[in-house]
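Asker: Sharing my_file_25.tsv below, TSV, C-alpha atoms and all ligand atoms:
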```tsv
chain	number	residue	atom	x	y	z
A	94	MET	CA	-22.81	-1.72	17.35
A	95	GLU	CA	-22.23	-4.04	20.26
A	96	LYS	CA	-18.72	-3.97	21.74
A	97	LYS	CA	-16.72	-7.19	22.04
A	98	ASN	CA	-16.47	-8.77	25.43
A	99	ILE	CA	-12.90	-7.69	26.24
A	100	ASP	CA	-11.36	-6.77	29.60
A	101	TRP	CA	-10.44	-3.32	28.23
A	102	ALA	CA	-8.90	-1.96	31.42
A	103	ASN	CA	-6.36	-4.80	31.64
A	104	LEU	CA	-5.14	-4.85	28.05
A	105	GLY	CA	-1.40	-4.69	27.49
A	106	PHE	CA	0.32	-3.62	24.27
A	107	GLY	CA	-0.23	-6.85	22.34
A	108	TYR	CA	-1.77	-8.22	19.17
A	109	MET	CA	-5.35	-9.41	19.12
A	110	LYS	CA	-6.88	-10.46	15.83
A	111	THR	CA	-9.83	-8.24	14.92
A	112	ASP	CA	-12.52	-8.90	12.30
A	113	LYS	CA	-11.33	-7.06	9.19
A	114	ARG	CA	-8.16	-5.75	7.62
A	115	PHE	CA	-7.53	-3.70	4.45
A	116	VAL	CA	-5.38	-5.10	1.60
A	117	SER	CA	-4.28	-3.42	-1.62
A	118	ASN	CA	-1.79	-4.76	-4.17
A	119	TYR	CA	0.61	-2.87	-6.44
A	120	LYS	CA	1.33	-4.51	-9.80
A	121	ASN	CA	2.36	-3.24	-13.24
A	122	GLY	CA	2.95	0.21	-11.78
A	123	ALA	CA	-0.47	0.75	-10.16
A	124	TRP	CA	-2.34	0.13	-6.91
A	125	ASP	CA	-5.63	-1.77	-7.10
A	126	GLU	CA	-8.76	-0.49	-5.31
A	127	GLY	CA	-8.11	-2.58	-2.21
A	128	VAL	CA	-10.57	-4.61	-0.14
A	129	LEU	CA	-11.49	-5.30	3.45
A	130	THR	CA	-11.02	-8.98	4.19
A	131	GLU	CA	-11.41	-11.39	7.08
A	132	ASP	CA	-8.23	-13.25	6.05
A	133	ASP	CA	-5.45	-12.35	8.47
A	134	THR	CA	-2.84	-14.46	6.66
A	135	ILE	CA	-0.51	-13.60	3.78
A	136	THR	CA	0.86	-16.00	1.16
A	137	ILE	CA	3.92	-14.74	-0.71
A	138	SER	CA	6.88	-16.17	-2.62
A	139	GLU	CA	9.70	-17.68	-0.59
A	140	CYS	CA	11.90	-15.15	-2.40
A	141	ALA	CA	9.73	-12.04	-1.74
A	142	GLY	CA	11.69	-8.78	-1.42
A	143	VAL	CA	10.51	-8.32	2.13
A	144	LEU	CA	11.82	-11.73	3.20
A	145	GLN	CA	15.22	-11.42	1.54
A	146	TYR	CA	16.15	-7.75	1.83
A	147	ALA	CA	13.74	-6.39	4.46
A	148	GLN	CA	11.88	-4.08	2.10
A	149	THR	CA	9.12	-3.17	4.53
A	150	ILE	CA	7.84	0.04	6.11
A	151	PHE	CA	5.02	0.74	8.55
A	152	GLU	CA	3.07	3.32	10.50
A	153	GLY	CA	1.32	3.41	13.85
A	154	LEU	CA	-1.67	5.50	14.92
A	155	LYS	CA	-4.68	5.09	17.18
A	156	ALA	CA	-8.46	5.33	17.22
A	157	TYR	CA	-10.10	6.71	20.37
A	158	THR	CA	-13.62	6.82	21.72
A	159	THR	CA	-14.30	10.40	22.76
A	160	GLU	CA	-16.19	11.59	25.81
A	161	LYS	CA	-19.25	12.04	23.55
A	162	GLY	CA	-18.94	8.47	22.24
A	163	GLN	CA	-17.61	9.24	18.75
A	164	ILE	CA	-14.77	7.19	17.27
A	165	VAL	CA	-11.92	9.41	16.08
A	166	ILE	CA	-8.41	9.03	14.68
A	167	PHE	CA	-5.55	11.42	15.34
A	168	ARG	CA	-3.71	13.21	12.51
A	169	PRO	CA	-3.74	10.32	9.98
A	170	ASP	CA	-2.57	12.70	7.24
A	171	LEU	CA	0.81	12.95	8.98
A	172	ASN	CA	1.16	9.15	9.05
A	173	ALA	CA	0.34	9.12	5.32
A	174	GLU	CA	3.07	11.70	4.68
A	175	ARG	CA	5.63	9.81	6.75
A	176	LEU	CA	4.81	6.52	4.99
A	177	GLU	CA	5.41	8.36	1.74
A	178	GLN	CA	8.85	9.49	2.95
A	179	SER	CA	9.65	5.95	4.12
A	180	ALA	CA	8.56	4.53	0.74
A	181	GLN	CA	10.72	6.98	-1.18
A	182	ARG	CA	13.81	6.14	0.90
A	183	LEU	CA	13.37	2.37	0.36
A	184	GLU	CA	12.49	2.70	-3.37
A	185	MET	CA	8.89	1.60	-2.84
A	186	PRO	CA	5.78	3.02	-4.52
A	187	VAL	CA	3.86	5.71	-2.66
A	188	TYR	CA	0.40	4.81	-1.37
A	189	PRO	CA	-1.64	7.96	-2.09
A	190	LYS	CA	-2.35	10.12	0.97
A	191	ASP	CA	-6.14	10.36	0.54
A	192	LYS	CA	-6.41	6.61	-0.11
A	193	PHE	CA	-4.29	5.97	3.01
A	194	VAL	CA	-6.64	8.01	5.18
A	195	GLU	CA	-9.69	6.30	3.60
A	196	ALA	CA	-8.19	2.83	4.13
A	197	VAL	CA	-7.39	3.58	7.79
A	198	ALA	CA	-10.88	4.99	8.39
A	199	ALA	CA	-12.55	2.02	6.65
A	200	THR	CA	-10.53	-0.49	8.69
A	201	VAL	CA	-11.40	1.24	11.96
A	202	LYS	CA	-15.09	1.39	10.99
A	203	ALA	CA	-15.07	-2.31	10.11
A	204	ASN	CA	-13.65	-3.08	13.56
A	205	ASP	CA	-15.65	-0.56	15.57
A	206	ALA	CA	-16.68	-3.24	18.06
A	207	TYR	CA	-13.01	-3.42	19.10
A	208	VAL	CA	-12.53	0.31	19.72
A	209	PRO	CA	-12.19	0.49	23.51
A	210	PRO	CA	-14.95	2.48	25.23
A	211	TYR	CA	-14.22	5.95	26.65
A	212	GLY	CA	-12.62	5.94	30.06
A	213	THR	CA	-11.08	2.46	29.90
A	214	GLY	CA	-7.56	3.76	29.23
A	215	ALA	CA	-7.34	1.52	26.16
A	216	THR	CA	-7.30	2.49	22.47
A	217	LEU	CA	-7.40	0.80	19.08
A	218	TYR	CA	-3.89	0.68	17.63
A	219	ILE	CA	-3.79	0.90	13.83
A	220	ARG	CA	-0.89	-0.59	11.91
A	221	PRO	CA	-0.62	0.36	8.21
A	222	TYR	CA	2.33	-1.26	6.43
A	223	MET	CA	3.73	-2.06	3.02
A	224	PHE	CA	6.20	-4.66	1.76
A	225	GLY	CA	7.84	-5.97	-1.41
A	226	SER	CA	5.93	-9.10	-2.36
A	227	ASN	CA	7.39	-10.53	-5.58
A	228	PRO	CA	10.59	-12.63	-5.90
A	229	VAL	CA	13.83	-10.61	-5.70
A	230	ILE	CA	17.20	-12.35	-5.61
A	231	GLY	CA	19.65	-9.76	-6.94
A	232	VAL	CA	19.78	-6.79	-4.56
A	233	LYS	CA	17.16	-4.46	-6.02
A	234	PRO	CA	13.70	-3.14	-5.18
A	235	ALA	CA	10.69	-5.41	-5.72
A	236	ASP	CA	8.26	-4.71	-8.60
A	237	GLU	CA	5.14	-5.71	-6.68
A	238	TYR	CA	3.98	-4.57	-3.24
A	239	GLN	CA	1.20	-5.09	-0.76
A	240	PHE	CA	-0.22	-2.33	1.47
A	241	ARG	CA	-2.23	-3.50	4.47
A	242	VAL	CA	-3.91	-2.01	7.53
A	243	PHE	CA	-4.84	-4.01	10.60
A	244	THR	CA	-6.06	-2.96	14.02
A	245	THR	CA	-5.65	-4.32	17.54
A	246	PRO	CA	-7.00	-3.02	20.85
A	247	VAL	CA	-4.16	-2.04	23.19
A	248	GLY	CA	-3.44	-0.80	26.67
A	249	PRO	CA	-0.27	1.01	27.80
A	250	TYR	CA	3.00	0.30	25.94
A	251	PHE	CA	5.00	0.16	29.15
A	252	LYS	CA	3.88	-2.20	31.90
A	253	GLY	CA	2.90	-0.22	34.97
A	254	GLY	CA	1.17	2.48	32.90
A	255	ILE	CA	2.59	5.84	33.87
A	256	LYS	CA	5.24	4.75	36.36
A	257	PRO	CA	8.56	6.50	35.57
A	258	LEU	CA	10.96	4.45	33.45
A	259	THR	CA	14.63	3.61	33.89
A	260	ILE	CA	16.65	4.01	30.71
A	261	LYS	CA	20.07	2.70	29.75
A	262	ILE	CA	22.52	4.58	27.54
A	263	SER	CA	23.05	1.98	24.86
A	264	ASP	CA	26.41	0.93	23.47
A	265	PHE	CA	24.61	-0.01	20.27
A	266	ASP	CA	23.39	2.34	17.55
A	267	ARG	CA	19.92	2.18	16.00
A	268	ALA	CA	20.77	4.37	13.01
A	269	ALA	CA	23.76	5.35	10.89
A	270	PRO	CA	24.70	8.87	9.80
A	271	HIS	CA	22.94	9.38	6.44
A	272	GLY	CA	21.13	6.05	7.01
A	273	THR	CA	17.47	5.24	7.61
A	274	GLY	CA	16.89	6.39	11.20
A	275	HIS	CA	14.43	9.08	10.06
A	276	ILE	CA	12.03	6.67	8.36
A	277	LYS	CA	9.78	3.98	9.79
A	278	ALA	CA	11.37	0.90	8.24
A	279	GLY	CA	11.30	-2.57	9.80
A	280	LEU	CA	15.07	-2.80	9.42
A	281	ASN	CA	15.58	-0.09	12.09
A	282	TYR	CA	13.62	-2.18	14.57
A	283	ALA	CA	15.37	-5.45	13.65
A	284	MET	CA	18.69	-3.90	14.54
A	285	SER	CA	17.36	-2.63	17.87
A	286	LEU	CA	16.19	-6.07	19.05
A	287	HIS	CA	19.49	-7.27	20.50
A	288	ALA	CA	19.93	-3.94	22.27
A	289	ILE	CA	16.46	-4.02	23.86
A	290	VAL	CA	16.73	-7.68	24.90
A	291	THR	CA	20.10	-6.83	26.52
A	292	ALA	CA	18.65	-3.77	28.27
A	293	HIS	CA	15.66	-5.75	29.59
A	294	LYS	CA	17.95	-8.54	30.87
A	295	GLU	CA	19.87	-5.91	32.80
A	296	GLY	CA	16.65	-4.56	34.33
A	297	PHE	CA	16.18	-1.42	32.20
A	298	ASP	CA	12.92	-0.44	30.53
A	299	GLU	CA	14.41	1.09	27.39
A	300	ASN	CA	17.58	2.25	25.64
A	301	MET	CA	18.68	5.78	24.94
A	302	TYR	CA	20.55	5.78	21.65
A	303	LEU	CA	23.18	8.44	21.07
A	304	ASP	CA	24.06	10.01	17.75
A	305	PRO	CA	26.01	7.39	15.83
A	306	ALA	CA	28.71	9.77	14.57
A	307	THR	CA	29.94	11.30	17.84
A	308	ARG	CA	28.04	9.47	20.61
A	309	THR	CA	27.67	12.75	22.49
A	310	LYS	CA	24.09	13.73	21.59
A	311	VAL	CA	20.70	12.32	22.56
A	312	GLU	CA	18.80	10.62	19.74
A	313	GLU	CA	15.79	8.54	20.78
A	314	THR	CA	14.73	5.13	22.08
A	315	GLY	CA	13.79	2.13	19.94
A	316	GLY	CA	10.17	3.29	19.71
A	317	ALA	CA	9.81	6.87	20.94
A	318	ASN	CA	11.38	10.36	20.86
A	319	PHE	CA	12.66	12.13	23.98
A	320	LEU	CA	11.22	15.29	25.46
A	321	PHE	CA	12.90	17.20	28.30
A	322	VAL	CA	11.77	19.97	30.64
A	323	THR	CA	14.27	22.50	31.99
A	324	LYS	CA	14.23	23.71	35.60
A	325	ASP	CA	12.60	26.93	34.35
A	326	ASN	CA	9.81	25.01	32.57
A	327	LYS	CA	11.07	25.22	29.01
A	328	ILE	CA	10.49	22.21	26.74
A	329	VAL	CA	13.56	20.88	24.93
A	330	VAL	CA	13.30	18.25	22.17
A	331	PRO	CA	16.30	16.72	20.39
A	332	LYS	CA	16.87	17.61	16.76
A	333	SER	CA	18.74	15.11	14.61
A	334	PRO	CA	18.57	13.94	11.01
A	335	SER	CA	18.61	10.30	12.17
A	336	ILE	CA	15.59	10.22	14.51
A	337	LEU	CA	12.03	9.45	13.52
A	338	PRO	CA	9.95	12.66	13.23
A	339	SER	CA	7.42	11.62	15.88
A	340	ILE	CA	3.89	12.90	15.27
A	341	THR	CA	3.26	12.81	19.02
A	342	ARG	CA	6.36	14.93	19.68
A	343	ARG	CA	5.38	17.45	16.99
A	344	SER	CA	1.87	17.59	18.50
A	345	LEU	CA	3.25	18.05	22.02
A	346	VAL	CA	5.45	20.90	20.82
A	347	TYR	CA	2.34	22.61	19.44
A	348	VAL	CA	0.38	21.89	22.61
A	349	ALA	CA	3.21	23.24	24.80
A	350	GLU	CA	3.41	26.49	22.84
A	351	ASN	CA	-0.25	27.09	22.03
A	352	TYR	CA	-2.21	25.52	24.88
A	353	LEU	CA	0.21	25.80	27.78
A	354	GLY	CA	2.16	28.94	26.80
A	355	LEU	CA	5.50	27.20	27.28
A	356	GLU	CA	8.68	28.00	25.40
A	357	VAL	CA	10.03	25.16	23.22
A	358	GLU	CA	13.52	24.58	21.88
A	359	GLU	CA	14.13	22.00	19.19
A	360	ARG	CA	17.89	21.60	19.09
A	361	GLU	CA	20.81	19.23	19.51
A	362	VAL	CA	20.80	17.93	23.07
A	363	PHE	CA	24.13	16.82	24.52
A	364	LEU	CA	24.22	13.87	26.89
A	365	SER	CA	26.36	16.00	29.21
A	366	GLU	CA	23.44	18.43	29.80
A	367	VAL	CA	20.77	15.81	30.51
A	368	LYS	CA	21.61	15.84	34.23
A	369	ASP	CA	20.43	19.47	34.39
A	370	PHE	CA	16.85	18.81	33.20
A	371	ALA	CA	13.95	18.70	35.67
A	372	GLU	CA	11.81	16.16	33.79
A	373	ALA	CA	12.16	13.74	30.91
A	374	GLY	CA	9.63	11.76	28.90
A	375	LEU	CA	9.30	9.40	25.95
A	376	CYS	CA	6.76	10.38	23.36
A	377	GLY	CA	5.13	8.33	20.66
A	378	THR	CA	1.81	6.88	19.58
A	379	ALA	CA	2.33	3.75	21.67
A	380	ALA	CA	4.19	5.51	24.52
A	381	VAL	CA	1.85	8.59	24.52
A	382	ILE	CA	4.15	10.44	26.94
A	383	SER	CA	5.79	8.09	29.38
A	384	PRO	CA	7.81	9.68	32.18
A	385	VAL	CA	11.50	8.87	32.59
A	386	GLY	CA	12.72	8.80	36.19
A	387	LYS	CA	16.30	7.72	35.73
A	388	ILE	CA	18.92	7.42	32.99
A	389	VAL	CA	21.94	5.20	33.63
A	390	ASP	CA	25.19	5.91	31.82
A	391	HIS	CA	27.49	2.92	32.42
A	392	GLY	CA	26.70	2.77	36.12
A	393	LYS	CA	26.46	6.53	36.59
A	394	GLU	CA	22.87	7.48	37.47
A	395	ILE	CA	21.07	10.60	36.31
A	396	CYS	CA	18.00	10.92	38.54
A	397	PHE	CA	15.42	13.52	37.58
A	398	PRO	CA	13.92	15.63	40.37
A	399	SER	CA	10.46	14.39	39.29
A	400	GLY	CA	11.45	11.07	40.90
A	401	MET	CA	10.43	7.44	40.42
A	402	ASP	CA	6.85	7.58	41.71
A	403	SER	CA	4.91	9.83	39.39
A	404	MET	CA	5.04	12.06	36.33
A	405	GLY	CA	6.66	15.46	36.66
A	406	PRO	CA	4.18	18.38	36.71
A	407	ILE	CA	4.91	19.68	33.20
A	408	THR	CA	4.93	16.19	31.70
A	409	LYS	CA	1.54	15.64	33.37
A	410	LYS	CA	0.15	18.86	31.88
A	411	LEU	CA	1.36	17.85	28.42
A	412	TYR	CA	-0.11	14.36	28.88
A	413	ASP	CA	-3.47	15.68	30.08
A	414	THR	CA	-3.71	18.23	27.28
A	415	LEU	CA	-2.77	15.85	24.48
A	416	THR	CA	-5.03	13.04	25.69
A	417	GLY	CA	-7.74	15.64	26.35
A	418	ILE	CA	-7.58	16.62	22.67
A	419	GLN	CA	-7.54	13.00	21.53
A	420	MET	CA	-10.49	12.01	23.73
A	421	GLY	CA	-12.54	15.09	22.82
A	422	ARG	CA	-12.39	16.77	26.25
A	423	LEU	CA	-10.48	19.73	24.80
A	424	GLU	CA	-10.97	21.49	21.50
A	425	ALA	CA	-8.50	20.22	18.89
A	426	PRO	CA	-6.53	22.36	16.48
A	427	GLU	CA	-8.05	22.45	12.99
A	428	GLY	CA	-7.52	19.18	11.11
A	429	TRP	CA	-6.12	17.09	13.97
A	430	ILE	CA	-9.14	14.86	14.53
A	431	LYS	CA	-10.90	12.74	11.92
A	432	VAL	CA	-14.29	11.43	13.00
A	433	ILE	CA	-15.12	7.92	11.79
A	434	GLU	CA	-18.71	8.23	10.55
A	501	LIG	N1	10.63	6.99	17.32
A	501	LIG	C1	10.52	5.72	16.93
A	501	LIG	C2	11.78	4.97	16.65
A	501	LIG	C3	9.26	5.12	16.82
A	501	LIG	O1	9.14	3.84	16.43
A	501	LIG	C4	8.11	5.87	17.10
A	501	LIG	C5	6.78	5.27	16.98
A	501	LIG	O2	6.06	5.49	16.08
A	501	LIG	C6	8.26	7.20	17.51
A	501	LIG	C7	9.53	7.72	17.61
A	501	LIG	C8	7.08	8.04	17.82
A	501	LIG	O3	6.45	8.47	16.67
A	501	LIG	P1	4.92	8.82	16.64
A	501	LIG	O4	4.70	9.84	17.68
A	501	LIG	O5	4.67	9.34	15.28
A	501	LIG	O6	4.18	7.56	16.93
A	502	LIG	C1	4.26	3.52	17.64
A	502	LIG	O1	4.31	4.24	18.63
A	502	LIG	O2	3.32	3.54	16.85
A	502	LIG	C2	5.34	2.60	17.34
A	502	LIG	O3	5.42	2.19	16.23
A	502	LIG	C3	6.25	2.26	18.42
A	502	LIG	C4	6.55	0.81	18.57
A	502	LIG	C5	5.36	-0.03	18.85
A	502	LIG	C6	7.39	0.32	17.44
```
For the file at hand, write its structure as structure tokens.
Ligand code: PLP
Ligand code: COI
Answerer:
Amino acid sequence: MEKKNIDWANLGFGYMKTDKRFVSNYKNGAWDEGVLTEDDTITISECAGVLQYAQTIFEGLKAYTTEKGQIVIFRPDLNAERLEQSAQRLEMPVYPKDKFVEAVAATVKANDAYVPPYGTGATLYIRPYMFGSNPVIGVKPADEYQFRVFTTPVGPYFKGGIKPLTIKISDFDRAAPHGTGHIKAGLNYAMSLHAIVTAHKEGFDENMYLDPATRTKVEETGGANFLFVTKDNKIVVPKSPSILPSITRRSLVYVAENYLGLEVEEREVFLSEVKDFAEAGLCGTAAVISPVGKIVDHGKEICFPSGMDSMGPITKKLYDTLTGIQMGRLEAPEGWIKVIE
């Protein structure tokens, strides 16, 4: 396969139309077989459930070219499981796990010319999603759904690559207690848009959301979980029922314990203790692990000793180990890597 003529090293995190996408429809209580199509457009009723009541969920994962030149995807089974949880919470049908993994693999294979070559720093972002497609006017779930998977080659999520970020403590909430913060539903992102536009206008890279009930505990940002490092090199990750269970964060926890021999605590993290950490990072598929240099709480600055120039040493080790596994430089735990044949 001949690669597309793309300036891989200078890609940002944006959408580029690729050749094929996967589409499957749910009707009369069943999913059809699904097809790969060149058509990147969707025609639905003006009254579709997704347009009226935001009945839409999605996932995000990546395909990588390994050092040996194979194309691989990272833990797609966990994305399938999370989409299932999202579907159940929004009263949508489940797209079967094995079919999900097959659809993702088939879409990547059909767009293999867009998978960035090894060493370019770019990857192929994969976006599976599902939405209510038939007319719904009373508030109720749709009866018909569409599941789709598209791909787009991407570079780093944050401009400047791995330069430490400045984060604002937001006055807005992204989730409600007992709400939908733990699933990957479009509605969570819609309600974060005003907060992120405000933060950007004020010169911040991202928001830190606090727990909506007490506003004393760290939750996450609009698109990534937090990870902290203590001064004695322990990893601390926030635990909350209203944050998204990040697959990257869960993988980093495993890597920290099993590859780096570090102790990990998953627990409630109070804002008042953040000033005592040595390093902080944002973790997610898009963010990978992006270092945080500074958190600003209404004018009061929390500056991490790792500084504003480069990643802290433990964050760097985590980053190198995780990306080493994803790019085939390090042996992966059983079942983490699916090779696209
Ligand atoms: N938190 C939110 C709100 C996200 O949108 C994402 C992105 O997927 C994450 C965390 C990170 O999750 P993952 O590592 O599974 O990509
Ligand atoms: C991801 O990391 O996959 C995300 O979905 C984050 C963001 C682009 C919404």
Asker: Return as an NGL selection string every polymer residue, whether protein, DNA or RNA, with at least one atom no more than 12 Å from an atom of ligand LIG 502 (chain A); count only C-alpha atoms and all ligand atoms.
Answerer: :A and (105-108 or 150-156 or 167 or 169 or 172 or 217-222 or 244-245 or 247-251 or 276-283 or 285-286 or 289 or 299 or 313-318 or 337-342 or 375-383)
Asker: Using all atoms listed in the file, list the residues that have an atom at most 7 Å from (8.3, -12.2, -6.9), coordinates as in the file, as a ChimeraX atom specification.
Answerer: /A:138,140-141,226-229
Asker: Using only C-alpha atoms, give me every residue within 7 Å of (-10.9, 4.2, 24.5) in file coordinates, as an mmCIF file with C-alpha atoms, in the coordinates of the input.
Answerer:
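And here is the file that came out, part19.cif:
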```cif
data_model
loop_
_atom_site.group_PDB
_atom_site.id
_atom_site.type_symbol
_atom_site.label_atom_id
_atom_site.label_comp_id
_atom_site.auth_asym_id
_atom_site.auth_seq_id
_atom_site.Cartn_x
_atom_site.Cartn_y
_atom_site.Cartn_z
ATOM 1 C CA TYR A 157 -10.100 6.710 20.370
ATOM 2 C CA THR A 158 -13.620 6.820 21.720
ATOM 3 C CA VAL A 208 -12.530 0.310 19.720
ATOM 4 C CA PRO A 209 -12.190 0.490 23.510
ATOM 5 C CA PRO A 210 -14.950 2.480 25.230
ATOM 6 C CA TYR A 211 -14.220 5.950 26.650
ATOM 7 C CA GLY A 212 -12.620 5.940 30.060
ATOM 8 C CA THR A 213 -11.080 2.460 29.900
ATOM 9 C CA GLY A 214 -7.560 3.760 29.230
ATOM 10 C CA ALA A 215 -7.340 1.520 26.160
ATOM 11 C CA THR A 216 -7.300 2.490 22.470
#
```
Asker: Name all residues at most 12 Å from Val385 (chain A) (count all atoms listed in the file; drop same-chain ones fewer than 3 positions away) and give them as a PDB file with C-alpha atoms, in the frame of the given file.
Answerer:
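File written: result_14.pdb
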```pdb
ATOM      1  CA  PHE A 251       5.000   0.160  29.150  1.00  0.00           C
ATOM      2  CA  ILE A 255       2.590   5.840  33.870  1.00  0.00           C
ATOM      3  CA  LYS A 256       5.240   4.750  36.360  1.00  0.00           C
ATOM      4  CA  PRO A 257       8.560   6.500  35.570  1.00  0.00           C
ATOM      5  CA  LEU A 258      10.960   4.450  33.450  1.00  0.00           C
ATOM      6  CA  THR A 259      14.630   3.610  33.890  1.00  0.00           C
ATOM      7  CA  ILE A 260      16.650   4.010  30.710  1.00  0.00           C
ATOM      8  CA  LYS A 261      20.070   2.700  29.750  1.00  0.00           C
ATOM      9  CA  PHE A 297      16.180  -1.420  32.200  1.00  0.00           C
ATOM     10  CA  ASP A 298      12.920  -0.440  30.530  1.00  0.00           C
ATOM     11  CA  GLU A 299      14.410   1.090  27.390  1.00  0.00           C
ATOM     12  CA  ASN A 300      17.580   2.250  25.640  1.00  0.00           C
ATOM     13  CA  MET A 301      18.680   5.780  24.940  1.00  0.00           C
ATOM     14  CA  THR A 314      14.730   5.130  22.080  1.00  0.00           C
ATOM     15  CA  ALA A 317       9.810   6.870  20.940  1.00  0.00           C
ATOM     16  CA  ASN A 318      11.380  10.360  20.860  1.00  0.00           C
ATOM     17  CA  PHE A 319      12.660  12.130  23.980  1.00  0.00           C
ATOM     18  CA  LEU A 320      11.220  15.290  25.460  1.00  0.00           C
ATOM     19  CA  PHE A 321      12.900  17.200  28.300  1.00  0.00           C
ATOM     20  CA  VAL A 322      11.770  19.970  30.640  1.00  0.00           C
ATOM     21  CA  VAL A 367      20.770  15.810  30.510  1.00  0.00           C
ATOM     22  CA  PHE A 370      16.850  18.810  33.200  1.00  0.00           C
ATOM     23  CA  ALA A 371      13.950  18.700  35.670  1.00  0.00           C
ATOM     24  CA  GLU A 372      11.810  16.160  33.790  1.00  0.00           C
ATOM     25  CA  ALA A 373      12.160  13.740  30.910  1.00  0.00           C
ATOM     26  CA  GLY A 374       9.630  11.760  28.900  1.00  0.00           C
ATOM     27  CA  LEU A 375       9.300   9.400  25.950  1.00  0.00           C
ATOM     28  CA  CYS A 376       6.760  10.380  23.360  1.00  0.00           C
ATOM     29  CA  ALA A 380       4.190   5.510  24.520  1.00  0.00           C
ATOM     30  CA  ILE A 382       4.150  10.440  26.940  1.00  0.00           C
ATOM     31  CA  ILE A 388      18.920   7.420  32.990  1.00  0.00           C
ATOM     32  CA  VAL A 389      21.940   5.200  33.630  1.00  0.00           C
ATOM     33  CA  ILE A 395      21.070  10.600  36.310  1.00  0.00           C
ATOM     34  CA  CYS A 396      18.000  10.920  38.540  1.00  0.00           C
ATOM     35  CA  PHE A 397      15.420  13.520  37.580  1.00  0.00           C
ATOM     36  CA  PRO A 398      13.920  15.630  40.370  1.00  0.00           C
ATOM     37  CA  SER A 399      10.460  14.390  39.290  1.00  0.00           C
ATOM     38  CA  GLY A 400      11.450  11.070  40.900  1.00  0.00           C
ATOM     39  CA  MET A 401      10.430   7.440  40.420  1.00  0.00           C
ATOM     40  CA  ASP A 402       6.850   7.580  41.710  1.00  0.00           C
ATOM     41  CA  SER A 403       4.910   9.830  39.390  1.00  0.00           C
ATOM     42  CA  MET A 404       5.040  12.060  36.330  1.00  0.00           C
ATOM     43  CA  GLY A 405       6.660  15.460  36.660  1.00  0.00           C
ATOM     44  CA  THR A 408       4.930  16.190  31.700  1.00  0.00           C
TER      45      THR A 408
END
```
Asker: Rank A:Tyr146, A:Trp101, A:Tyr119, A:Phe243 by their smallest atom-to-atom distance to Asp133 (chain A), using only C-alpha atoms, and report the top residue only.
Answerer: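 Closest to Asp133 (chain A), using only C-alpha atoms: A:Phe243.
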Asker: Would you work out the distance separating CA of Phe363 (chain A) from CA of Arg308 (chain A), expressed in Å to one decimal?
Answerer: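 If I compute the distance from CA of Phe363 (chain A) to CA of Arg308 (chain A), I get 9.2 Å.
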Asker: Pick out the closest residue to Gly274 (chain A) from this set: A:Tyr352, A:Trp124, A:Ser179, A:Ala235. Count all atoms listed in the file.
Answerer: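 So, comparing all the options, the nearest one is A:Ser179.
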Asker: Find the residue from A:Pro189, A:Gly392, A:Pro426, A:Pro406 that sits nearest to Lys324 (chain A); use all atoms listed in the file when measuring.
Answerer: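 Of A:Pro189, A:Gly392, A:Pro426, A:Pro406, the one nearest Lys324 (chain A), counting all atoms listed in the file, is A:Pro406.
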Asker: Tell me which of A:Ala268, A:Leu364, A:Val242, A:Ala123 sits closest to ligand LIG 501 (chain A), counting all atoms listed in the file.
Answerer: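 Closest residue, counting all atoms listed in the file: A:Ala268.
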Asker: Using all atoms listed in the file, which of A:Ile135, A:Val143, A:Met223, A:Met284 sits nearest ligand LIG 501 (chain A)?
Answerer: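 Result for the nearest residue to ligand LIG 501 (chain A): A:Met284.
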Asker: Box for region 101-111 of chain A - axis-aligned, 4 Å on each of the six sides, all listed atoms - centre and size in Å to one decimal, as JSON.
Answerer:
```
{"center_x": -5.1, "center_y": -6.2, "center_z": 23.3, "size_x": 18.8, "size_y": 16.5, "size_z": 24.7}
```
Asker: From the list A:Trp429, A:Tyr207, A:Tyr188, A:Tyr412, which residue is nearest Gln239 (chain A) when using only C-alpha atoms?
Answerer: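 Smallest separation from Gln239 (chain A) among the options: A:Tyr188.
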Asker: Figure out the distance between CA of Val329 (chain A) and CA of Arg267 (chain A), please, to one decimal in Å.
Answerer: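 Calculated distance between CA of Arg267 (chain A) and CA of Val329 (chain A) is 21.7 Å.
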Asker: What is the distance, in Å and to one decimal place, between atom O2 of ligand LIG 501 (chain A) and CA of Pro334 (chain A)?
Answerer: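 CA of Pro334 (chain A) lies at a distance of 15.9 Å from atom O2 of ligand LIG 501 (chain A).
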